[in-house]
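A short worksheet on the structure shown next.
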Amino acid sequence: MYSYDEIKHLHLEITSNCQAKCPQCARNYHGGVENPLLEIVDIDIDKFKEIVPVDFIKQLEAVSMCGNYGDPIINRDLIPIVEYIRQSDETTKVDIHTNGSARTEEWWKELAITLPENHQVNFALDGLADTHHLYRIGTDFDKIIKNAKAFIDAGGKARWIFIKFKHNQHQVDAAKQLAEQLGFDSFFEKETSRFIGDPWFDVLDKEGNVDYRLEGPTESKLVFVDRKTVENYREIFKGARVTCAVEQEKSIYIDAWGRLWPCCFTGAIPYIYVPQGQLGYAYREDAKKQLLELVDNIGGLDFLKIENSSIREIVDSPGWQTEWDRGFDNNQPVCVRVCGEFDEPVLSQSKDQFIELEKFDE
């Protein structure tokens, strides 16, 4: 693994909180059942300054605020955190991923003014007013558009992220036109790789009953992962070759609880909830068991907390430098799923595309 002095990218989650209930997000199970493993926490400005020192920011090319569970704009200290990063080094790029459905238009103007020149805010907008809410449950399309416009008009650089489903695929061109009219810098359409086991995804209500179903676009670029593949993942994973993407990018991830991980995919595993007996439960248990064994060899979950050990102490420790490489070689389930290469495309078309597809699926 790379050393502390080689790190160029910091990916962090400054809150585990979010007002949305996207059905395929690990914050909940199919939209209706809350994740019992998820504790709501924030990294405030004082803690951020403590765990991310100025000298470390100066060596970074970019700071990305996305994560696995929370939306960064929910953290009340996002703007002070952004200001601290900019004051530490104005050349460090700041990249924010959000559903955009919180805060006032004045707040968004202030964010645009506070961000460094090199920045991008990615708005998750999966359709237009009549379809967006089917995936982004709990968000308000009209409010997001007003917030995005206020941000852009104040000088903010915005990107529209559009996840294609069967119910919104006919709106891609209209969404592109709207994005251009509003002044978005770019528009990115993608698919989600989270249709696993069945070519549909049941959205549950609060009682756990099926409310409606999501389906992928009619013509998909992804290789569908069917039930047989999921059930036989142990055998399939044996043939994988893992090339760690963040090892090449020299990136690290800090979760909302202040723990340090190589990437958000490893950092997600301790908090993912799949009810016993459901498809994916065995994979989740395997991934968690093997990951925590590896973490124990590094020093344990407490050692990974930056309030206990600095980023340098963790990254340059003998355990961190050796155990992650051993995990790649031994085909850790999460590493294979995200960065695995197969003779046959059983999980995705390519590693790079898979990571890009997952990255904005909050």
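Residues are referred to by chain and number: the chain letter is A, B, ... according to the order shown in the structure tokens, the number counts from 1 in that chain, and ligands are numbered separately from 1 in the order shown.
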Fewer than 5 positions away in the same chain doesn't count, so skip those; otherwise give me all residues within 10 Å of Phe123 in chain A, counting only C-alpha atoms, as a count of residues only. 18
Contacts between range 38-43 of chain A and range 69-144 of chain A, please, where a residue of range 69-144 of chain A counts if it comes within 10 Å (with only C-alpha atoms); show its shortest atom pair and distance in Å to one decimal, rows by chain and ascending number, as a Markdown table.
| residue | atom | partner | partner_atom | distance |
| --- | --- | --- | --- | --- |
| A:Tyr69 | CA | A:Leu38 | CA | 8.5 |
| A:Gly70 | CA | A:Ile40 | CA | 8.8 |
| A:Pro72 | CA | A:Asp42 | CA | 9.3 |
| A:Ile74 | CA | A:Asp42 | CA | 9.0 |
| A:Asn75 | CA | A:Asp42 | CA | 6.4 |
| A:Arg76 | CA | A:Asp42 | CA | 8.8 |
| A:Asp77 | CA | A:Ile43 | CA | 8.2 |
| A:Leu78 | CA | A:Ile43 | CA | 9.3 |
| A:Ile81 | CA | A:Ile43 | CA | 9.5 |
Just-selected residues, C-alpha atoms written as a compact mmCIF listing (two decimals), in the first residue's frame:
# COMPACT_ATOMS: atom_id res chain seq x y z
CA TYR A 69 -25.09 6.86 3.96
CA GLY A 70 -25.33 10.61 4.48
CA PRO A 72 -23.06 16.31 3.15
CA ILE A 74 -27.28 17.97 6.00
CA ASN A 75 -24.18 18.65 8.12
CA ARG A 76 -24.65 22.16 9.52
CA ASP A 77 -20.87 22.74 9.34
CA LEU A 78 -20.41 21.97 5.65
CA ILE A 81 -15.49 22.83 6.53
Pairwise distance for CA of Pro262 in chain A and CA of Leu37 in chain A, rounded to one decimal in Å: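 Atom-to-atom, CA of Pro262 in chain A and CA of Leu37 in chain A are spaced 21.2 Å apart.
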Residue with smallest distance to Ser220 in chain A - pool A:Trp107, A:Phe195, A:Tyr135, A:Tyr283, counting only C-alpha atoms: A:Phe195
Counting only C-alpha atoms, the option among A:Asp89, A:Pro333, A:Glu219, A:Asn168 closest to Asp286 in chain A: A:Pro333
May I have the residues within 6 Å of range 304-310 of chain A as a PDB file with C-alpha atoms, in the first residue's frame, using only C-alpha atoms and disregarding those fewer than 4 positions away in the same chain?
ATOM      1  CA  ILE A  51      -8.506  14.887  12.256  1.00  0.00           C
ATOM      2  CA  GLY A 258     -14.223   9.029  11.989  1.00  0.00           C
ATOM      3  CA  ARG A 259     -12.764   5.682  10.933  1.00  0.00           C
ATOM      4  CA  LEU A 260     -10.164   5.425   8.193  1.00  0.00           C
TER       5      LEU A 260
END
With only C-alpha atoms as the atoms that count, which of A:Ile45, A:Val246, A:Val210, A:Val334 lies nearest to Lys289 in chain A?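 The shortest atom-to-atom distance to Lys289 in chain A comes from A:Val334.
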